[in-house]
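Below is one structure, written out as structure tokens, with a few remarks after it.
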Amino acid sequence: MFKSVLLMGHLHGIRIELHISWLIIFVLFLFGMTTGLLQQFPDWPLGVAVATALLTVLVFFASILAHELGHSLVAIRRGIPVHAITLFIFGGVAQMGGDSQRPNDEFWIAIAGPLVSLGLAAGFGLLGLVTAGLYEPLTVALGWLALINLVVAVFNLIPGFPLDGGRVFRALIWKITGDARKGMRAAVAGGRLVAYALFMLALLNILLLGNVIGGLWMTLIAWFLLNMAEGQGRAFDMQHRLSGVRARDLANPDIPRVAPDRTLHDWIQSQVLPTGRRACLVGDGDTPLGLISLSDARRIPQEQWSQVRVDEVMTGLDRLVQVDADTGAHAVLQLMSQQDLNQVPVTDGGRVIGWIDRQQLLRSIELHMEIR
Ligand SMILES: [Zn+2]
């Protein structure tokens with residue numbers, strides 16, 4: 001989902017990433033806050049205003065990280081792996097390796113983030129009260145941090161997907177009706193409403209208040225929310241309709257194979273170009289030696305293709321990703337997109353029984369969904 005990220009480090013085994021779009025919001029916040037402080041406190045030296053703004057904005061982004069860590073740690077404790085937390089232009093997102101299987105899990109994972117933000121708001125507020133009068137910039141910074149964390153908590157509790165409140169709403173409907181799909185439909189509908197309301201607010205902001213920048217910003221957020229809500233609704237629908245479809249149902253039994261001692265030139269001329277299949281198992285028996293793909297071949301200069309054997313450049317069995325025949329279709333899709341695989345062999349009891357190709361997989365998934 002996210003490209004162009006900077007790795008910040010690891011926390012509890014979770015990758016912490018900064019998307020480059022985050023830099024935009026960082027600069028906007030820093031600039032907006034510095035000018036705001038200078039207007040409000042004209043007696044502050046420029047250095048004090050900049051330093052206060054910089055520290056406050058950094059602590060604010062740490063608060064967003066803490067909010068996402070809240071979701072993530074509860075998810076991990078409930079058995080859902082979290083690969084990464086990414087900070088980007090609209091805030092933060094925790095990339096989880098699966099969906100909640102129970103409404104209770106969904107509820108606690110979703111509510112954990114806003115609870116962390118509420119806790120931070122209370123903490124900063126309290127600290128502001130205790131240290132009041134000590135140093136004006138500190139009091140201002142703590143007050144702003146308390147307020148912004150409160151805003152983050154409240155905004156996220158609005159009951160529309162993809163906001164946390166949407167997930168809480170989904171969990172409640174799911175719990176009451178016992179039907180995960182009803183919960184999802186309600187949360188997606190809520191998400192649409194939130195996005196449309198935000199569009200309206202943006203329009204009013206521009207037309208009545210003349211606040212063009214703020215209005216455009218809200219339009220962008222509304223557009224983002226709408227896209228996410230629709231996208232997650234569709235993904236959930238597909239996952240539901242695909243439940244029961246296994247890798248064995250999608251596997252093509254016609255497995256392309258090549259003998260290990262053939263040259264790259266030979267393989268490409270006799271198998272790749274005539275069939276359009278970009279990859280192939282190496283070896284003749286039931287257990288392959290590895291997999292050769294066009295991208296493996298491309299690492300070798302073309303003038304050497306007639307001297308190099310396929311088993312010299314193939315992906316060996318130790319690094320080869322294979323899926324078991326009983327793996328669910330959705331898990332196969334996820335695996336292929338996460339690891340950027342174009343093809344995987346399907347095995348049953350250690351024997352390769354078929355072959356899944358990404359392009360063909362999407363077509364057979366469409367067929368499965370159509371026939372159901
Ligand atoms: Zn959240």
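Ordered as shown in the structure tokens, chains take letters A, B, and onward, while each chain numbers its residues from 1 and ligands are numbered from 1 in the order shown.
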Item checked: Protein and nucleic residues near ligand 1, 7 Å, only C-alpha atoms and all ligand atoms, as a ChimeraX atom specification -> /A:67-68,71,110,113-114,156,163-164
Checklist line | Surrounding residues of range 28-39 of chain A excluding itself and chain neighbours under 2 positions, 7 Å, only C-alpha atoms, as a PyMOL selection string | finding: chain A and resi 24-26+41-42+44+49-50+53-54+57
Go through range 150-239 of chain A residue by residue and, counting only C-alpha atoms, keep those with an atom at most 10 Å from range 95-104 of chain A; for each kept residue give the shortest atom pair and its distance in Å to one decimal, ordered by chain and increasing number, as JSON lines.
```
{"residue": "A:Arg167", "atom": "CA", "partner": "A:Pro103", "partner_atom": "CA", "distance": 9.6}
{"residue": "A:Val168", "atom": "CA", "partner": "A:Pro103", "partner_atom": "CA", "distance": 8.9}
{"residue": "A:Arg170", "atom": "CA", "partner": "A:Pro103", "partner_atom": "CA", "distance": 8.0}
{"residue": "A:Ala171", "atom": "CA", "partner": "A:Pro103", "partner_atom": "CA", "distance": 4.7}
{"residue": "A:Leu172", "atom": "CA", "partner": "A:Pro103", "partner_atom": "CA", "distance": 7.1}
{"residue": "A:Ile173", "atom": "CA", "partner": "A:Pro103", "partner_atom": "CA", "distance": 8.7}
{"residue": "A:Trp174", "atom": "CA", "partner": "A:Pro103", "partner_atom": "CA", "distance": 6.0}
{"residue": "A:Lys175", "atom": "CA", "partner": "A:Pro103", "partner_atom": "CA", "distance": 5.6}
{"residue": "A:Ile176", "atom": "CA", "partner": "A:Pro103", "partner_atom": "CA", "distance": 9.4}
{"residue": "A:Gly178", "atom": "CA", "partner": "A:Pro103", "partner_atom": "CA", "distance": 8.6}
{"residue": "A:Asp179", "atom": "CA", "partner": "A:Pro103", "partner_atom": "CA", "distance": 9.5}
{"residue": "A:Ala180", "atom": "CA", "partner": "A:Pro103", "partner_atom": "CA", "distance": 7.9}
{"residue": "A:Gly183", "atom": "CA", "partner": "A:Pro103", "partner_atom": "CA", "distance": 9.2}
{"residue": "A:Phe236", "atom": "CA", "partner": "A:Asp99", "partner_atom": "CA", "distance": 9.3}
```
Hey, can you spit out that residue selection with N, CA and C atoms as a short mmCIF file (atom, residue, chain, number, x, y, z; two decimals), in the first residue's frame?
```cif
data_model
loop_
_atom_site.label_atom_id
_atom_site.label_comp_id
_atom_site.auth_asym_id
_atom_site.auth_seq_id
_atom_site.Cartn_x
_atom_site.Cartn_y
_atom_site.Cartn_z
N ARG A 167 -14.88 1.35 13.20
CA ARG A 167 -14.56 -0.03 13.58
C ARG A 167 -15.27 -0.42 14.87
N VAL A 168 -15.37 0.55 15.79
CA VAL A 168 -16.11 0.30 17.03
C VAL A 168 -17.58 0.03 16.70
N ARG A 170 -18.78 -1.01 13.86
CA ARG A 170 -18.86 -2.30 13.18
C ARG A 170 -18.87 -3.44 14.20
N ALA A 171 -17.98 -3.34 15.21
CA ALA A 171 -17.91 -4.39 16.23
C ALA A 171 -19.22 -4.50 17.01
N LEU A 172 -19.84 -3.34 17.31
CA LEU A 172 -21.08 -3.36 18.09
C LEU A 172 -22.21 -4.02 17.29
N ILE A 173 -22.36 -3.61 16.01
CA ILE A 173 -23.42 -4.20 15.18
C ILE A 173 -23.17 -5.70 14.98
N TRP A 174 -21.91 -6.04 14.81
CA TRP A 174 -21.50 -7.43 14.62
C TRP A 174 -21.87 -8.24 15.87
N LYS A 175 -21.56 -7.65 17.05
CA LYS A 175 -21.85 -8.32 18.32
C LYS A 175 -23.37 -8.51 18.50
N ILE A 176 -24.13 -7.45 18.19
CA ILE A 176 -25.58 -7.50 18.42
C ILE A 176 -26.26 -8.46 17.44
N GLY A 178 -24.64 -10.66 15.37
CA GLY A 178 -23.90 -11.90 15.12
C GLY A 178 -23.47 -12.03 13.67
N ASP A 179 -23.58 -10.95 12.91
CA ASP A 179 -23.28 -11.02 11.48
C ASP A 179 -22.20 -9.98 11.14
N ALA A 180 -21.01 -10.48 10.79
CA ALA A 180 -19.89 -9.57 10.51
C ALA A 180 -20.19 -8.68 9.30
N GLY A 183 -22.32 -5.64 10.20
CA GLY A 183 -21.48 -4.67 10.87
C GLY A 183 -20.66 -3.87 9.88
N PHE A 236 -13.60 -6.40 1.97
CA PHE A 236 -14.28 -7.29 2.91
C PHE A 236 -15.29 -8.17 2.17
#
```
Next item on the list: Can you work out the spacing between CA of Arg185 in chain A and CA of Pro162 in chain A in Å, to one decimal?
Entry: 12.1 Å
Next item on the list: From range 281-365 of chain A, collect each residue whose DSSP state is alpha helix (DSSP H) and return the set as an MDAnalysis selection string.
Entry: chainID A and resid 294:298 310:313 329:338 358:365
Margin query: Taking the DSSP secondary structure from the backbone, can you list the residues of range 250-371 of chain A that are strand (DSSP E or B), as a ChimeraX atom specification?
Written below: /A:252,257-258,263,279-282,290-293,309,315-316,323-324,328,343-348,351-357
Selection from above, N, CA and C atoms, as an mmCIF file, in the first residue's frame, can you write it?
```
data_model
loop_
_atom_site.group_PDB
_atom_site.id
_atom_site.type_symbol
_atom_site.label_atom_id
_atom_site.label_comp_id
_atom_site.auth_asym_id
_atom_site.auth_seq_id
_atom_site.Cartn_x
_atom_site.Cartn_y
_atom_site.Cartn_z
ATOM 1 N N ASN A 252 -3.650 -24.018 -11.317
ATOM 2 C CA ASN A 252 -3.651 -24.578 -12.663
ATOM 3 C C ASN A 252 -2.810 -25.858 -12.637
ATOM 4 N N ARG A 257 7.434 -26.644 -16.652
ATOM 5 C CA ARG A 257 8.681 -27.167 -16.070
ATOM 6 C C ARG A 257 9.803 -27.066 -17.091
ATOM 7 N N VAL A 258 11.020 -26.965 -16.550
ATOM 8 C CA VAL A 258 12.181 -26.961 -17.432
ATOM 9 C C VAL A 258 13.281 -27.782 -16.763
ATOM 10 N N THR A 263 19.775 -24.121 -21.074
ATOM 11 C CA THR A 263 20.324 -22.764 -20.935
ATOM 12 C C THR A 263 19.171 -21.766 -20.895
ATOM 13 N N ALA A 279 7.474 -17.599 -15.909
ATOM 14 C CA ALA A 279 8.207 -18.344 -14.888
ATOM 15 C C ALA A 279 7.919 -19.820 -15.040
ATOM 16 N N CYS A 280 8.721 -20.627 -14.362
ATOM 17 C CA CYS A 280 8.698 -22.046 -14.652
ATOM 18 C C CYS A 280 9.377 -22.775 -13.500
ATOM 19 N N LEU A 281 8.882 -23.986 -13.150
ATOM 20 C CA LEU A 281 9.559 -24.784 -12.138
ATOM 21 C C LEU A 281 10.762 -25.459 -12.783
ATOM 22 N N VAL A 282 11.837 -25.596 -12.015
ATOM 23 C CA VAL A 282 13.030 -26.255 -12.527
ATOM 24 C C VAL A 282 13.056 -27.680 -11.972
ATOM 25 N N GLY A 290 13.732 -25.696 -7.906
ATOM 26 C CA GLY A 290 13.622 -24.251 -7.722
ATOM 27 C C GLY A 290 12.688 -23.673 -8.761
ATOM 28 N N LEU A 291 12.725 -22.351 -8.876
ATOM 29 C CA LEU A 291 11.839 -21.673 -9.812
ATOM 30 C C LEU A 291 12.663 -20.652 -10.596
ATOM 31 N N ILE A 292 12.482 -20.639 -11.905
ATOM 32 C CA ILE A 292 13.180 -19.664 -12.726
ATOM 33 C C ILE A 292 12.146 -18.680 -13.292
ATOM 34 N N SER A 293 12.474 -17.412 -13.221
ATOM 35 C CA SER A 293 11.551 -16.433 -13.788
ATOM 36 C C SER A 293 12.326 -15.491 -14.694
ATOM 37 N N ARG A 309 23.123 -21.871 -17.380
ATOM 38 C CA ARG A 309 22.038 -22.844 -17.182
ATOM 39 C C ARG A 309 20.975 -22.268 -16.247
ATOM 40 N N THR A 315 15.656 -19.309 -8.392
ATOM 41 C CA THR A 315 15.414 -19.159 -6.960
ATOM 42 C C THR A 315 15.355 -20.571 -6.381
ATOM 43 N N GLY A 316 16.306 -20.881 -5.508
ATOM 44 C CA GLY A 316 16.404 -22.243 -4.983
ATOM 45 C C GLY A 316 15.238 -22.600 -4.079
ATOM 46 N N VAL A 323 2.630 -22.443 -1.559
ATOM 47 C CA VAL A 323 1.461 -22.431 -0.676
ATOM 48 C C VAL A 323 0.848 -23.823 -0.615
ATOM 49 N N ASP A 324 0.302 -24.125 0.552
ATOM 50 C CA ASP A 324 -0.361 -25.407 0.723
ATOM 51 C C ASP A 324 -1.710 -25.368 0.015
ATOM 52 N N GLY A 328 -6.474 -20.578 2.147
ATOM 53 C CA GLY A 328 -7.618 -19.841 1.616
ATOM 54 C C GLY A 328 -7.197 -18.890 0.498
ATOM 55 N N GLN A 343 4.062 -15.570 -9.194
ATOM 56 C CA GLN A 343 3.589 -16.943 -9.301
ATOM 57 C C GLN A 343 4.011 -17.733 -8.070
ATOM 58 N N VAL A 344 3.171 -18.683 -7.667
ATOM 59 C CA VAL A 344 3.549 -19.592 -6.581
ATOM 60 C C VAL A 344 3.124 -21.011 -6.942
ATOM 61 N N PRO A 345 3.986 -21.992 -6.642
ATOM 62 C CA PRO A 345 3.586 -23.388 -6.784
ATOM 63 C C PRO A 345 2.673 -23.764 -5.609
ATOM 64 N N VAL A 346 1.688 -24.637 -5.900
ATOM 65 C CA VAL A 346 0.777 -25.104 -4.856
ATOM 66 C C VAL A 346 1.158 -26.541 -4.518
ATOM 67 N N THR A 347 1.360 -26.808 -3.220
ATOM 68 C CA THR A 347 1.804 -28.149 -2.836
ATOM 69 C C THR A 347 0.754 -28.852 -1.994
ATOM 70 N N ASP A 348 0.764 -30.175 -2.105
ATOM 71 C CA ASP A 348 -0.132 -30.989 -1.294
ATOM 72 C C ASP A 348 0.700 -32.155 -0.785
ATOM 73 N N ARG A 351 4.104 -32.511 -2.461
ATOM 74 C CA ARG A 351 4.130 -32.634 -3.928
ATOM 75 C C ARG A 351 3.548 -31.372 -4.555
ATOM 76 N N VAL A 352 4.152 -30.916 -5.621
ATOM 77 C CA VAL A 352 3.578 -29.773 -6.333
ATOM 78 C C VAL A 352 2.410 -30.273 -7.174
ATOM 79 N N ILE A 353 1.212 -29.726 -6.902
ATOM 80 C CA ILE A 353 0.045 -30.192 -7.653
ATOM 81 C C ILE A 353 -0.489 -29.133 -8.616
ATOM 82 N N GLY A 354 0.011 -27.912 -8.498
ATOM 83 C CA GLY A 354 -0.502 -26.885 -9.395
ATOM 84 C C GLY A 354 0.303 -25.611 -9.293
ATOM 85 N N TRP A 355 -0.214 -24.599 -9.930
ATOM 86 C CA TRP A 355 0.567 -23.403 -10.195
ATOM 87 C C TRP A 355 -0.394 -22.237 -10.167
ATOM 88 N N ILE A 356 -0.089 -21.211 -9.389
ATOM 89 C CA ILE A 356 -0.946 -20.021 -9.402
ATOM 90 C C ILE A 356 -0.153 -18.855 -9.966
ATOM 91 N N ASP A 357 -0.732 -18.222 -10.929
ATOM 92 C CA ASP A 357 -0.116 -17.098 -11.614
ATOM 93 C C ASP A 357 -0.955 -15.876 -11.249
#
```
Check: Using only C-alpha atoms, which residues sit within 8 Å of Gly166 in chain A once same-chain residues fewer than 6 positions away are excluded, as a PyMOL selection string?
Finding: chain A and resi 157-160+187-188+190-191
Notebook entry, point to check: For Phe61 in chain A, which of A:Leu138, A:Met369, A:Val130, A:Val152 is the closest residue, counting only C-alpha atoms?
Noted result: A:Val152
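You will find CA of Leu65 in chain A at 17.7 Å from CA of Val27 in chain A.
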Check: So how far away is CA of Met336 in chain A from CA of Leu264 in chain A, in Å?
Finding: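 Result for CA of Leu264 in chain A versus CA of Met336 in chain A: 25.1 Å, one decimal.
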Note to self: Just want the 7 Å neighbourhood of Trp22 in chain A, counted on only C-alpha atoms, with same-chain residues fewer than 5 positions away dropped. Output as number ranges by chain.
What the structure shows: A: 87-89
